>>> print(open('my_file-v7.cif').read())   # mmCIF, C-alpha atoms and all ligand atoms
data_data
loop_
_atom_site.label_atom_id
_atom_site.label_comp_id
_atom_site.auth_asym_id
_atom_site.auth_seq_id
_atom_site.Cartn_x
_atom_site.Cartn_y
_atom_site.Cartn_z
CA MET A 1 137.31 -22.70 -123.33
CA PRO A 2 137.54 -21.22 -119.83
CA ILE A 3 136.38 -23.30 -116.86
CA LYS A 4 132.69 -22.72 -116.10
CA LEU A 5 132.05 -20.79 -112.91
CA GLY A 6 128.46 -20.10 -112.11
CA ASN A 7 126.44 -20.84 -115.22
CA LYS A 8 125.36 -24.37 -115.92
CA ALA A 9 128.14 -26.62 -117.15
CA ASP A 10 127.31 -28.18 -120.50
CA GLY A 11 129.01 -29.86 -123.44
CA GLU A 12 132.68 -30.53 -122.69
CA ASP A 13 132.44 -28.66 -119.39
CA PHE A 14 130.03 -31.18 -117.91
CA PHE A 15 131.75 -33.94 -115.93
CA ASP A 16 130.59 -37.16 -114.29
CA ARG A 17 127.16 -37.56 -112.65
CA VAL A 18 127.09 -40.99 -114.29
CA SER A 19 125.45 -42.97 -111.50
CA GLU A 20 123.06 -40.09 -110.76
CA ARG A 21 121.86 -40.10 -114.37
CA ASP A 22 121.44 -43.88 -114.30
CA ASP A 23 119.43 -43.66 -111.10
CA LEU A 24 117.30 -40.78 -112.31
CA TRP A 25 116.36 -42.53 -115.55
CA ARG A 26 115.44 -45.63 -113.59
CA TYR A 27 113.33 -43.68 -111.07
CA LEU A 28 111.62 -41.82 -113.90
CA GLU A 29 110.18 -45.06 -115.21
CA GLY A 30 107.76 -45.20 -112.32
CA ASN A 31 107.93 -41.82 -110.62
CA HIS A 32 107.91 -38.08 -110.79
CA ILE A 33 110.91 -36.50 -109.11
CA VAL A 34 111.92 -33.61 -106.92
CA LEU A 35 115.65 -33.02 -107.40
CA SER A 36 116.95 -31.20 -104.36
CA GLY A 37 120.41 -30.13 -103.30
CA PRO A 38 122.29 -27.14 -101.94
CA ARG A 39 123.07 -24.11 -104.04
CA ARG A 40 125.53 -24.49 -106.89
CA LEU A 41 125.83 -28.25 -106.62
CA GLY A 42 125.04 -28.74 -110.30
CA LYS A 43 121.28 -29.25 -110.42
CA THR A 44 120.68 -27.16 -113.55
CA SER A 45 123.68 -28.72 -115.31
CA LEU A 46 122.27 -32.17 -114.56
CA LEU A 47 118.79 -31.23 -115.83
CA GLN A 48 120.35 -29.96 -119.04
CA ARG A 49 122.24 -33.22 -119.52
CA LEU A 50 119.07 -35.26 -118.89
CA ALA A 51 117.28 -33.16 -121.50
CA GLU A 52 120.03 -34.00 -124.00
CA GLU A 53 119.87 -37.72 -123.20
CA ALA A 54 116.08 -37.90 -123.40
CA THR A 55 115.83 -38.67 -127.12
CA GLU A 56 117.84 -41.86 -126.85
CA LYS A 57 115.65 -42.82 -123.88
CA GLY A 58 112.57 -42.39 -126.07
CA MET A 59 111.31 -39.21 -124.47
CA LEU A 60 110.79 -35.66 -125.66
CA ALA A 61 112.26 -33.34 -123.04
CA ARG A 62 112.20 -29.61 -122.43
CA LEU A 63 114.00 -27.70 -119.70
CA ILE A 64 111.85 -24.84 -118.44
CA ASP A 65 113.12 -22.13 -116.10
CA VAL A 66 110.26 -20.51 -114.20
CA GLU A 67 112.33 -18.11 -112.11
CA GLY A 68 111.01 -15.05 -113.94
CA ILE A 69 107.28 -15.55 -113.35
CA ASP A 70 104.99 -15.19 -110.36
CA THR A 71 101.50 -16.19 -111.54
CA VAL A 72 99.80 -19.48 -112.39
CA ASP A 73 98.79 -18.08 -115.77
CA GLY A 74 102.46 -17.46 -116.47
CA PHE A 75 103.34 -20.99 -115.39
CA VAL A 76 100.75 -22.62 -117.64
CA ALA A 77 101.88 -20.40 -120.52
CA GLU A 78 105.52 -21.50 -120.03
CA LEU A 79 104.52 -25.16 -120.30
CA ASP A 80 102.33 -24.40 -123.30
CA ARG A 81 105.21 -22.64 -125.04
CA ALA A 82 107.66 -25.42 -124.28
CA PHE A 83 105.36 -28.15 -125.60
CA PRO A 84 103.30 -26.76 -128.47
CA ASP A 85 100.85 -29.15 -130.03
CA GLU A 86 102.81 -29.41 -133.32
CA THR A 87 105.94 -30.41 -131.42
CA ILE A 88 104.18 -33.20 -129.58
CA SER A 89 102.32 -34.56 -132.60
CA GLY A 90 105.42 -34.14 -134.78
CA TYR A 91 107.43 -36.08 -132.24
CA LEU A 92 104.87 -38.85 -132.01
CA LYS A 93 104.88 -39.12 -135.81
CA THR A 94 108.66 -39.36 -136.15
CA VAL A 95 109.03 -41.98 -133.47
CA GLY A 96 105.85 -43.74 -134.61
CA THR A 97 105.50 -47.25 -133.34
CA GLN A 98 108.60 -47.03 -131.16
CA VAL A 99 106.61 -45.03 -128.66
CA SER A 100 104.39 -47.89 -127.64
CA GLY A 101 107.53 -49.82 -126.77
CA VAL A 102 108.76 -46.94 -124.65
CA LEU A 103 105.41 -46.58 -122.95
CA ALA A 104 105.38 -50.24 -122.06
CA ARG A 105 108.70 -49.76 -120.29
CA PHE A 106 107.32 -46.82 -118.34
CA ARG A 107 105.19 -48.16 -115.55
CA LYS A 108 102.15 -46.12 -114.84
CA VAL A 109 102.45 -43.84 -111.87
CA GLU A 110 100.11 -45.40 -109.33
CA VAL A 111 96.74 -43.71 -108.93
CA LYS A 112 95.09 -44.18 -105.61
CA LEU A 113 93.06 -41.06 -105.11
CA PRO A 114 89.77 -41.39 -103.32
CA GLY A 115 87.03 -40.32 -105.68
CA GLY A 116 89.35 -40.32 -108.70
CA LEU A 117 87.87 -40.42 -112.15
CA GLY A 118 89.54 -43.62 -113.22
CA GLY A 119 90.85 -43.18 -116.73
CA GLY A 120 89.72 -39.56 -116.94
CA LEU A 121 91.20 -36.36 -115.64
CA GLU A 122 90.91 -35.29 -112.06
CA LEU A 123 88.63 -32.44 -112.97
CA GLN A 124 87.54 -31.70 -109.46
CA ALA A 125 91.11 -30.89 -108.52
CA ILE A 126 90.86 -27.43 -110.05
CA PRO A 127 88.12 -25.34 -108.63
CA ASP A 128 86.75 -22.56 -110.74
CA THR A 129 89.70 -20.33 -111.50
CA PRO A 130 90.45 -18.14 -114.49
CA TRP A 131 93.21 -20.55 -115.55
CA ARG A 132 91.09 -23.70 -115.31
CA SER A 133 90.36 -24.32 -118.97
CA THR A 134 93.84 -23.52 -120.33
CA ALA A 135 95.30 -25.75 -117.65
CA LEU A 136 93.01 -28.65 -118.47
CA ASN A 137 93.67 -28.25 -122.17
CA LEU A 138 97.37 -28.41 -121.55
CA GLN A 139 96.97 -31.45 -119.33
CA LYS A 140 94.94 -33.23 -122.00
CA ARG A 141 97.46 -32.46 -124.73
CA MET A 142 100.48 -33.52 -122.74
CA SER A 143 99.39 -36.50 -120.67
CA GLY A 144 99.44 -39.20 -123.32
CA ALA A 145 102.89 -38.53 -124.80
CA PRO A 146 106.25 -39.62 -123.38
CA LEU A 147 107.32 -36.12 -122.41
CA LEU A 148 109.89 -35.23 -119.81
CA VAL A 149 109.02 -31.88 -118.23
CA LEU A 150 112.08 -30.53 -116.43
CA ILE A 151 111.04 -27.53 -114.35
CA ASP A 152 113.95 -25.55 -112.91
CA GLU A 153 113.62 -22.85 -110.24
CA PHE A 154 110.19 -24.16 -109.34
CA SER A 155 110.86 -23.40 -105.67
CA VAL A 156 111.82 -19.81 -106.43
CA TYR A 157 108.63 -19.37 -108.45
CA LEU A 158 106.48 -21.00 -105.78
CA GLU A 159 107.93 -18.80 -103.07
CA LYS A 160 106.91 -15.72 -105.05
CA LEU A 161 103.46 -17.11 -105.78
CA LEU A 162 102.94 -17.92 -102.11
CA VAL A 163 103.57 -14.29 -101.27
CA ARG A 164 101.40 -12.91 -104.08
CA ASP A 165 98.44 -15.23 -103.90
CA PRO A 166 98.65 -18.10 -101.41
CA ALA A 167 95.21 -19.48 -102.32
CA ASP A 168 96.17 -19.72 -105.99
CA ALA A 169 99.46 -21.35 -105.03
CA GLU A 170 97.48 -24.05 -103.20
CA ARG A 171 95.21 -24.52 -106.20
CA LEU A 172 98.23 -24.90 -108.47
CA LEU A 173 99.82 -27.48 -106.18
CA GLY A 174 96.53 -29.37 -105.95
CA TRP A 175 96.15 -29.43 -109.72
CA LEU A 176 99.74 -30.55 -110.36
CA ARG A 177 99.39 -33.30 -107.78
CA ALA A 178 96.18 -34.59 -109.36
CA TRP A 179 97.81 -34.42 -112.79
CA ARG A 180 100.81 -36.42 -111.61
CA GLN A 181 98.49 -39.10 -110.28
CA GLN A 182 96.26 -39.26 -113.32
CA SER A 183 95.96 -42.85 -114.48
CA GLY A 184 97.69 -43.92 -117.68
CA LEU A 185 99.95 -40.90 -117.56
CA ALA A 186 102.90 -41.10 -119.99
CA CYS A 187 104.58 -37.77 -119.25
CA ARG A 188 106.96 -37.28 -116.36
CA PHE A 189 107.75 -34.26 -114.20
CA LEU A 190 111.01 -33.36 -112.56
CA PHE A 191 111.03 -30.30 -110.28
CA SER A 192 114.14 -28.51 -109.07
CA GLY A 193 115.27 -25.13 -107.80
CA SER A 194 118.04 -23.27 -106.07
CA ILE A 195 116.16 -22.88 -102.79
CA GLY A 196 115.02 -25.97 -100.92
CA LEU A 197 111.53 -26.98 -102.00
CA ASN A 198 110.99 -29.24 -98.98
CA ALA A 199 111.90 -26.55 -96.46
CA LEU A 200 109.70 -24.04 -98.30
CA LEU A 201 106.73 -26.42 -98.29
CA ALA A 202 107.33 -27.23 -94.62
CA ARG A 203 107.33 -23.52 -93.73
CA HIS A 204 103.89 -23.21 -95.33
CA ARG A 205 102.63 -26.57 -94.03
CA LEU A 206 102.19 -27.85 -97.57
CA ASN A 207 104.45 -30.95 -97.48
CA THR A 208 101.65 -33.31 -98.39
CA ARG A 209 101.32 -31.58 -101.77
CA PHE A 210 104.56 -33.11 -103.02
CA ASN A 211 104.80 -36.34 -101.07
CA ASP A 212 103.92 -38.36 -104.18
CA CYS A 213 107.23 -37.43 -105.87
CA HIS A 214 110.47 -39.30 -105.39
CA ASP A 215 112.86 -37.03 -103.49
CA PHE A 216 116.27 -37.31 -105.16
CA ARG A 217 118.96 -35.56 -103.18
CA LEU A 218 121.99 -34.56 -105.22
CA LYS A 219 125.31 -35.29 -103.51
CA PRO A 220 128.80 -33.87 -104.07
CA PHE A 221 131.32 -35.52 -106.42
CA LYS A 222 133.15 -38.67 -105.35
CA PRO A 223 136.95 -38.17 -104.92
CA ALA A 224 137.84 -40.00 -108.14
CA ALA A 225 135.41 -37.94 -110.22
CA ALA A 226 136.59 -34.70 -108.63
CA LEU A 227 140.21 -35.51 -109.40
CA ALA A 228 139.42 -36.57 -112.96
CA MET A 229 137.60 -33.28 -113.58
CA LEU A 230 140.38 -31.13 -112.14
CA THR A 231 143.08 -33.05 -114.01
CA GLU A 232 141.33 -32.61 -117.35
CA GLU A 233 140.55 -28.94 -116.72
CA ALA A 234 144.15 -28.18 -115.72
CA ARG A 235 145.35 -29.96 -118.85
CA ARG A 236 143.04 -27.91 -121.05
CA GLU A 237 144.34 -24.72 -119.45
CA GLY A 238 147.92 -25.84 -120.13
CA TRP A 239 149.03 -26.41 -116.52
CA THR A 240 150.74 -29.46 -115.03
CA PRO A 241 149.98 -30.41 -111.44
CA VAL A 242 153.01 -31.53 -109.40
CA ASP A 243 153.38 -33.06 -105.90
CA GLY A 244 149.79 -34.30 -105.78
CA SER A 245 148.59 -30.71 -105.77
CA LEU A 246 145.15 -31.57 -107.18
CA ASP A 247 144.61 -34.26 -104.51
CA TYR A 248 145.59 -31.61 -102.03
CA LEU A 249 143.10 -29.18 -103.59
CA CYS A 250 140.32 -31.75 -103.04
CA GLN A 251 141.37 -32.17 -99.40
CA ARG A 252 141.18 -28.44 -98.79
CA ILE A 253 137.69 -28.22 -100.36
CA GLY A 254 136.50 -31.15 -98.22
CA TRP A 255 132.95 -31.41 -99.47
CA LEU A 256 133.47 -31.98 -103.19
CA SER A 257 131.00 -29.62 -104.79
CA PRO A 258 132.06 -29.17 -108.44
CA PHE A 259 131.50 -25.43 -108.16
CA TYR A 260 133.89 -24.98 -105.23
CA LEU A 261 136.40 -27.30 -106.88
CA ASN A 262 136.31 -25.24 -110.06
CA LEU A 263 136.48 -21.99 -108.12
CA LEU A 264 139.55 -23.08 -106.21
CA LEU A 265 141.21 -24.47 -109.35
CA VAL A 266 140.71 -21.23 -111.28
CA THR A 267 142.07 -19.19 -108.38
CA THR A 268 144.97 -21.63 -107.95
CA ILE A 269 145.94 -21.18 -111.60
CA GLU A 270 145.88 -17.41 -111.11
CA ALA A 271 148.07 -17.75 -108.03
CA ALA A 272 150.51 -20.00 -109.92
CA ARG A 273 150.65 -17.51 -112.79
CA ASP A 274 151.37 -14.63 -110.39
CA ARG A 275 154.12 -16.68 -108.74
CA LEU A 276 155.71 -17.29 -112.15
CA GLU A 277 155.52 -13.61 -113.05
CA GLU A 278 157.14 -12.57 -109.79
CA ALA A 279 159.80 -15.25 -109.52
CA GLY A 280 160.38 -15.78 -113.22
CA GLY A 281 160.40 -19.20 -114.85
CA ALA A 282 158.43 -20.76 -117.64
CA GLU A 283 157.19 -24.07 -116.22
CA ARG A 284 153.44 -23.90 -115.91
CA GLN A 285 153.19 -26.11 -112.86
CA ILE A 286 150.60 -26.13 -110.11
CA GLN A 287 152.13 -26.56 -106.65
CA GLN A 288 150.53 -27.15 -103.27
CA SER A 289 151.57 -23.67 -102.16
CA ASP A 290 149.54 -22.21 -105.03
CA VAL A 291 146.47 -24.01 -103.65
CA ASP A 292 147.06 -22.54 -100.17
CA ASP A 293 147.61 -19.11 -101.65
CA ALA A 294 144.36 -19.39 -103.65
CA TYR A 295 142.39 -20.61 -100.63
CA ASP A 296 143.45 -17.50 -98.68
CA ARG A 297 142.61 -15.25 -101.60
CA LEU A 298 139.11 -16.73 -101.79
CA LEU A 299 138.47 -16.36 -98.07
CA ALA A 300 139.28 -12.68 -98.34
CA THR A 301 136.69 -12.15 -101.10
CA ARG A 302 133.55 -11.31 -99.17
CA SER A 303 131.38 -11.03 -102.28
CA ARG A 304 131.84 -14.78 -102.86
CA PHE A 305 130.09 -15.69 -99.62
CA ILE A 306 127.99 -12.74 -98.58
CA HIS A 307 124.77 -14.15 -100.06
CA TRP A 308 124.89 -17.03 -97.55
CA HIS A 309 124.48 -14.48 -94.78
CA GLN A 310 122.04 -12.27 -96.67
CA ARG A 311 119.74 -15.23 -97.34
CA LEU A 312 119.29 -15.76 -93.60
CA GLU A 313 118.72 -12.08 -92.92
CA ARG A 314 116.10 -11.98 -95.67
CA ASP A 315 114.22 -15.14 -94.71
CA LEU A 316 114.38 -15.21 -90.93
CA GLY A 317 113.01 -12.76 -88.41
CA GLU A 318 114.09 -12.48 -84.79
CA PRO A 319 114.46 -14.46 -82.61
CA LYS A 320 115.03 -17.18 -85.23
CA LEU A 321 117.80 -15.26 -86.98
CA GLY A 322 119.85 -14.76 -83.82
CA PHE A 323 119.43 -18.39 -82.86
CA THR A 324 120.44 -19.61 -86.34
CA MET A 325 123.49 -17.33 -86.38
CA ALA A 326 124.48 -18.70 -82.95
CA ILE A 327 124.29 -22.26 -84.29
CA LEU A 328 126.48 -21.40 -87.28
CA ALA A 329 129.01 -19.52 -85.15
CA ALA A 330 129.35 -22.42 -82.71
CA VAL A 331 129.76 -24.99 -85.48
CA ALA A 332 132.22 -22.80 -87.45
CA LYS A 333 134.54 -22.56 -84.45
CA ALA A 334 134.83 -26.34 -84.17
CA ASP A 335 136.95 -27.68 -87.05
CA GLU A 336 135.66 -31.22 -86.54
CA GLY A 337 132.06 -30.13 -85.96
CA LEU A 338 130.00 -30.61 -82.78
CA SER A 339 127.82 -33.37 -81.45
CA ARG A 340 124.20 -32.42 -80.94
CA ARG A 341 124.71 -32.42 -77.21
CA GLN A 342 127.72 -30.11 -77.41
CA LEU A 343 125.81 -27.76 -79.67
CA LEU A 344 122.80 -27.68 -77.33
CA ALA A 345 125.11 -26.84 -74.42
CA ARG A 346 126.47 -23.87 -76.37
CA LEU A 347 122.95 -22.64 -77.18
CA GLN A 348 121.83 -22.73 -73.56
CA ARG A 349 122.51 -19.07 -72.97
CA LEU A 350 119.93 -18.22 -75.64
CA GLU A 351 117.29 -20.70 -74.47
CA ALA A 352 117.46 -22.04 -70.94
CA ASP A 353 114.66 -24.62 -71.23
CA PRO A 354 116.36 -27.74 -72.69
CA ASP A 355 113.24 -29.07 -74.43
CA ILE A 356 112.44 -25.79 -76.11
CA CYS A 357 116.11 -25.38 -77.03
CA ALA A 358 116.12 -28.79 -78.75
CA GLU A 359 112.94 -27.91 -80.61
CA ARG A 360 114.36 -24.60 -81.81
CA LEU A 361 117.52 -26.38 -82.95
CA ASP A 362 115.54 -28.95 -84.98
CA ASP A 363 113.52 -26.20 -86.56
CA ALA A 364 116.60 -24.21 -87.58
CA MET A 365 118.39 -27.31 -88.85
CA LEU A 366 115.60 -27.93 -91.35
CA LEU A 367 116.66 -24.88 -93.32
CA LEU A 368 120.40 -25.13 -92.63
CA GLU A 369 120.55 -28.72 -93.89
CA GLU A 370 118.25 -28.33 -96.85
CA ASP A 371 120.04 -25.23 -98.09
CA GLY A 372 123.47 -26.74 -97.71
CA TYR A 373 124.99 -24.84 -94.80
CA LEU A 374 125.34 -27.74 -92.39
CA ASP A 375 125.38 -31.51 -92.49
CA ALA A 376 123.97 -33.52 -89.62
CA GLY A 377 124.14 -36.88 -91.35
CA SER A 378 126.95 -38.34 -89.27
CA GLU A 379 127.58 -38.19 -85.51
CA ARG A 380 128.56 -34.58 -85.74
CA ILE A 381 126.98 -31.43 -87.04
CA ARG A 382 129.42 -29.64 -89.36
CA PHE A 383 129.69 -27.24 -92.27
CA LEU A 384 129.53 -28.93 -95.66
CA SER A 385 131.91 -26.53 -97.38
CA PHE A 386 135.26 -26.02 -95.68
CA LEU A 387 135.56 -22.68 -97.48
CA LEU A 388 132.23 -21.51 -96.10
CA ARG A 389 133.18 -22.76 -92.63
CA ASP A 390 136.44 -20.82 -92.64
CA TYR A 391 134.73 -17.75 -94.06
CA TRP A 392 132.09 -17.94 -91.33
CA LYS A 393 134.71 -18.39 -88.64
CA ARG A 394 136.53 -15.31 -89.84
CA ASN A 395 133.51 -13.04 -90.35
CA HIS A 396 130.63 -14.17 -88.16
CA ALA A 397 132.06 -16.12 -85.26
CA ARG A 398 134.18 -13.82 -83.18
N1 LIG B 401 128.62 -31.92 -113.76
C1 LIG B 401 129.40 -30.84 -113.65
N2 LIG B 401 130.62 -30.79 -114.26
C2 LIG B 401 131.41 -29.72 -114.13
N3 LIG B 401 131.11 -28.63 -113.41
C3 LIG B 401 129.92 -28.61 -112.77
C4 LIG B 401 129.01 -29.70 -112.86
N4 LIG B 401 127.93 -29.42 -112.11
C5 LIG B 401 128.15 -28.19 -111.59
N5 LIG B 401 129.35 -27.70 -111.96
C6 LIG B 401 129.95 -26.42 -111.52
O1 LIG B 401 129.01 -25.78 -110.67
C7 LIG B 401 128.55 -24.55 -111.24
C8 LIG B 401 127.07 -24.40 -110.96
O2 LIG B 401 126.34 -25.38 -111.66
P1 LIG B 401 124.74 -25.31 -111.78
O3 LIG B 401 124.32 -23.95 -112.20
O4 LIG B 401 124.31 -26.46 -112.57
O5 LIG B 401 124.33 -25.53 -110.24
P2 LIG B 401 122.90 -25.37 -109.58
O6 LIG B 401 122.80 -26.43 -108.51
O7 LIG B 401 121.84 -25.35 -110.60
O8 LIG B 401 123.03 -23.93 -108.89
P3 LIG B 401 121.86 -23.02 -108.27
O9 LIG B 401 121.54 -23.66 -106.95
O10 LIG B 401 122.50 -21.68 -108.11
O11 LIG B 401 120.72 -23.05 -109.23
C9 LIG B 401 128.94 -24.62 -112.69
O12 LIG B 401 129.22 -23.34 -113.24
C10 LIG B 401 130.21 -25.46 -112.65
O13 LIG B 401 131.31 -24.67 -112.24
MG MG B 402 120.37 -23.93 -110.96
#
>>> encode(input="my_file-v7.cif", output="C-alpha cells")
Amino acid sequence: MPIKLGNKADGEDFFDRVSERDDLWRYLEGNHIVLSGPRRLGKTSLLQRLAEEATEKGMLARLIDVEGIDTVDGFVAELDRAFPDETISGYLKTVGTQVSGVLARFRKVEVKLPGGLGGGLELQAIPDTPWRSTALNLQKRMSGAPLLVLIDEFSVYLEKLLVRDPADAERLLGWLRAWRQQSGLACRFLFSGSIGLNALLARHRLNTRFNDCHDFRLKPFKPAAALAMLTEEARREGWTPVDGSLDYLCQRIGWLSPFYLNLLLVTTIEAARDRLEEAGGAERQIQQSDVDDAYDRLLATRSRFIHWHQRLERDLGEPKLGFTMAILAAVAKADEGLSRRQLLARLQRLEADPDICAERLDDAMLLLEEDGYLDAGSERIRFLSFLLRDYWKRNHAR
C-alpha cells in the first residue's frame, strides 16, 4: 500500500498518537473538546481513530464532515443523518445495562448558566428560528445517550455561515453552547477543522461562545515516533536506510509533522530510485544524499506551498497583508528565528510608532501561530516547518 499523502491516514497507515488518544479519552470524561492544530498535522486521522476506538470505550461515535454545507438547517440535518433514532435506540439495546456503568464514569459537564432550566433543556437559548423545532428534537434524542459527536471542518463551515448569515451563526453557536452545558448530558462533542477555530472566533469577537470547551492543541510527532513511522514505511516499500539517513531526514524536517515526514520520505525514495537507474546497481538503499536531493526537489515544487501564500492573500486586506508578509520575510531570513525585539526592529520601517507596531505584531501573530506558520513558544519566533521556511526564503523574502 503506498504511503498516505494528503488524505487521512487510517488502518495500517496510522501511526502513534498514543498519548494524545489517552489524553483525549480522559478529557472527554468531563469535557467537550476543540481539537486545534495547523494544517495537515493529522487532525482528521486522529478523529477517525477515536471513532474506531469509541466502542471499546462504551460510546457510539460518528465522524461528521461539515465542509460542504453553509446553513444551520444543513448542519442539523447532518447530525440527524449521522445519529438516526434507530441507531441510538439499537445501540442502547445492545449495550443494555453496560451503559449505566459507562455513564457513571462520565462526569457530568458542569452546568452553571444563570437562569438555566435545571434538568430540562435550555429552551431560551434558541430564539424563534425556522430550525428551532428540528434542533430541539435532535437535542432531546441525542442528549441522554453516550454518543461521541466528532465534527470535522467545523471552522470551515462556520466561516461560510458567518459570511452568509452572521445572525444565524450566532444563534447556532448560542444553541450549541447551551446544549453542551445542559445538565445530565451524556453525549460529548469534539470540534475540529483545517482553519483555526480560535482565530476565526477572535476575528468575529465570538471567543466566549466556545470558552466552555477544552482546547486540545495537537503537536507534531516526537522524534522516536517519527523514526519508527519512517522505518516501517521504508520497510514496506522495500528500501533499507543506511548511514542514519532516516534520522537525518527528521533533522531536515525539523518540526516533525507526519505529513511533511511522509512527503520527504516519498520524494527521497523517488530520488534514490532515480540514482539507481542512472548509476546502475540493485541495492535499494536510502542514503543521506537522497534526502538532500529530495529536499531540493520539494522546494522547487511551488504547487506544494503556494496555498500558504494564497490563504493570506484571501483572508487579509491591506495594510495587514503587507505587514504579515514583512513578518514572514524577516523570520524566514533568520535560520535560528528572531527574538521579538529583533523582529520589531525590522518592522519599524512599516510602523514607526513602537506601541502600535507591537500591537500590529500581536494581532498578526494570532493568525500566524494558530494556522501553523510561526511558533512563538520559545524565546524566538521561528517557522515551524523548515521546508516552508526555506520555501518562503526563496520565493517571498528577497
Ligand atoms: N497518525 C498518523 N500516522 C501517519 N501519517 C499521518 C498521521 N497523521 C497524519 N498523517 C499524515 O498527514 C496527512 C494529513 O493527515 P490529516 O488529513 O489527518 O491531517 P489534517 O490535520 O486533518 O489536515 P487538514 O488540516 O488539511 O484537514 C496524511 O495523509 C498522512 O500523510
Ligand atoms: Mg482534516
>>> residues_around(input="my_file-v7.cif", residues="Gly372 (chain A)", least_positions_apart="4", cutoff="8 Å", atoms="all atoms listed in the file", output="PyMOL selection string")
chain A and resi 37-39+368+384
>>> closest_atom_pairs(input="my_file-v7.cif", of="chain A", to="ligand MG 402 (chain B)", cutoff="7 Å", atoms="only C-alpha atoms and all ligand atoms", output="Markdown table")
| residue | atom | partner | partner_atom | distance |
| --- | --- | --- | --- | --- |
| A:Arg40 | CA | B:MG402 | MG | 6.6 |
| A:Gly42 | CA | B:MG402 | MG | 6.7 |
| A:Lys43 | CA | B:MG402 | MG | 5.4 |
| A:Thr44 | CA | B:MG402 | MG | 4.2 |
| A:Asp152 | CA | B:MG402 | MG | 6.9 |
| A:Glu153 | CA | B:MG402 | MG | 6.9 |
| A:Gly193 | CA | B:MG402 | MG | 6.1 |
| A:Ser194 | CA | B:MG402 | MG | 5.5 |
>>> residues_near_ligand(input="my_file-v7.cif", ligand="ligand LIG 401 (chain B)", cutoff="9 Å", atoms="only C-alpha atoms and all ligand atoms", output="ChimeraX atom specification")
/A:3-10,12-17,36-49,152-153,192-195,218,221,229,257-263
>>> write_last_selection(input="my_file-v7.cif", atoms="C-alpha atoms", output="PDB file, in the frame of the given file")
ATOM      1  CA  ILE A   3     136.380 -23.300-116.860  1.00  0.00           C
ATOM      2  CA  LYS A   4     132.690 -22.720-116.100  1.00  0.00           C
ATOM      3  CA  LEU A   5     132.050 -20.790-112.910  1.00  0.00           C
ATOM      4  CA  GLY A   6     128.460 -20.100-112.110  1.00  0.00           C
ATOM      5  CA  ASN A   7     126.440 -20.840-115.220  1.00  0.00           C
ATOM      6  CA  LYS A   8     125.360 -24.370-115.920  1.00  0.00           C
ATOM      7  CA  ALA A   9     128.140 -26.620-117.150  1.00  0.00           C
ATOM      8  CA  ASP A  10     127.310 -28.180-120.500  1.00  0.00           C
ATOM      9  CA  GLU A  12     132.680 -30.530-122.690  1.00  0.00           C
ATOM     10  CA  ASP A  13     132.440 -28.660-119.390  1.00  0.00           C
ATOM     11  CA  PHE A  14     130.030 -31.180-117.910  1.00  0.00           C
ATOM     12  CA  PHE A  15     131.750 -33.940-115.930  1.00  0.00           C
ATOM     13  CA  ASP A  16     130.590 -37.160-114.290  1.00  0.00           C
ATOM     14  CA  ARG A  17     127.160 -37.560-112.650  1.00  0.00           C
ATOM     15  CA  SER A  36     116.950 -31.200-104.360  1.00  0.00           C
ATOM     16  CA  GLY A  37     120.410 -30.130-103.300  1.00  0.00           C
ATOM     17  CA  PRO A  38     122.290 -27.140-101.940  1.00  0.00           C
ATOM     18  CA  ARG A  39     123.070 -24.110-104.040  1.00  0.00           C
ATOM     19  CA  ARG A  40     125.530 -24.490-106.890  1.00  0.00           C
ATOM     20  CA  LEU A  41     125.830 -28.250-106.620  1.00  0.00           C
ATOM     21  CA  GLY A  42     125.040 -28.740-110.300  1.00  0.00           C
ATOM     22  CA  LYS A  43     121.280 -29.250-110.420  1.00  0.00           C
ATOM     23  CA  THR A  44     120.680 -27.160-113.550  1.00  0.00           C
ATOM     24  CA  SER A  45     123.680 -28.720-115.310  1.00  0.00           C
ATOM     25  CA  LEU A  46     122.270 -32.170-114.560  1.00  0.00           C
ATOM     26  CA  LEU A  47     118.790 -31.230-115.830  1.00  0.00           C
ATOM     27  CA  GLN A  48     120.350 -29.960-119.040  1.00  0.00           C
ATOM     28  CA  ARG A  49     122.240 -33.220-119.520  1.00  0.00           C
ATOM     29  CA  ASP A 152     113.950 -25.550-112.910  1.00  0.00           C
ATOM     30  CA  GLU A 153     113.620 -22.850-110.240  1.00  0.00           C
ATOM     31  CA  SER A 192     114.140 -28.510-109.070  1.00  0.00           C
ATOM     32  CA  GLY A 193     115.270 -25.130-107.800  1.00  0.00           C
ATOM     33  CA  SER A 194     118.040 -23.270-106.070  1.00  0.00           C
ATOM     34  CA  ILE A 195     116.160 -22.880-102.790  1.00  0.00           C
ATOM     35  CA  LEU A 218     121.990 -34.560-105.220  1.00  0.00           C
ATOM     36  CA  PHE A 221     131.320 -35.520-106.420  1.00  0.00           C
ATOM     37  CA  MET A 229     137.600 -33.280-113.580  1.00  0.00           C
ATOM     38  CA  SER A 257     131.000 -29.620-104.790  1.00  0.00           C
ATOM     39  CA  PRO A 258     132.060 -29.170-108.440  1.00  0.00           C
ATOM     40  CA  PHE A 259     131.500 -25.430-108.160  1.00  0.00           C
ATOM     41  CA  TYR A 260     133.890 -24.980-105.230  1.00  0.00           C
ATOM     42  CA  LEU A 261     136.400 -27.300-106.880  1.00  0.00           C
ATOM     43  CA  ASN A 262     136.310 -25.240-110.060  1.00  0.00           C
ATOM     44  CA  LEU A 263     136.480 -21.990-108.120  1.00  0.00           C
TER      45      LEU A 263
END
>>> closest_residue(input="my_file-v7.cif", among="A:Leu344, A:Leu265, A:Ala282, A:Val156", to="Arg252 (chain A)", atoms="only C-alpha atoms")
A:Leu265
>>> atom_distance(input="my_file-v7.cif", atom1="CA of Ile253 (chain A)", atom2="CA of Ala364 (chain A)")
25.0 Å
>>> closest_residue(input="my_file-v7.cif", among="A:Leu147, A:Cys213, A:Leu328, A:Leu161", to="Arg177 (chain A)", atoms="all atoms listed in the file")
A:Cys213
>>> residues_around(input="my_file-v7.cif", residues="Asn395 (chain A)", least_positions_apart="4", cutoff="12 Å", atoms="all atoms listed in the file", output="list of chain:residue names")
A:Leu299, A:Ala300, A:Thr301, A:Arg302, A:Phe305, A:Ile306, A:Trp308, A:His309, A:Met325, A:Leu328, A:Ala329, A:Ala332, A:Lys333, A:Leu388, A:Arg389, A:Asp390, A:Tyr391
>>> residues_around(input="my_file-v7.cif", residues="Thr231 (chain A)", least_positions_apart="5", cutoff="10 Å", atoms="only C-alpha atoms", output="MDAnalysis selection string")
chainID A and resid 225:226 236 239:241 246:247 265
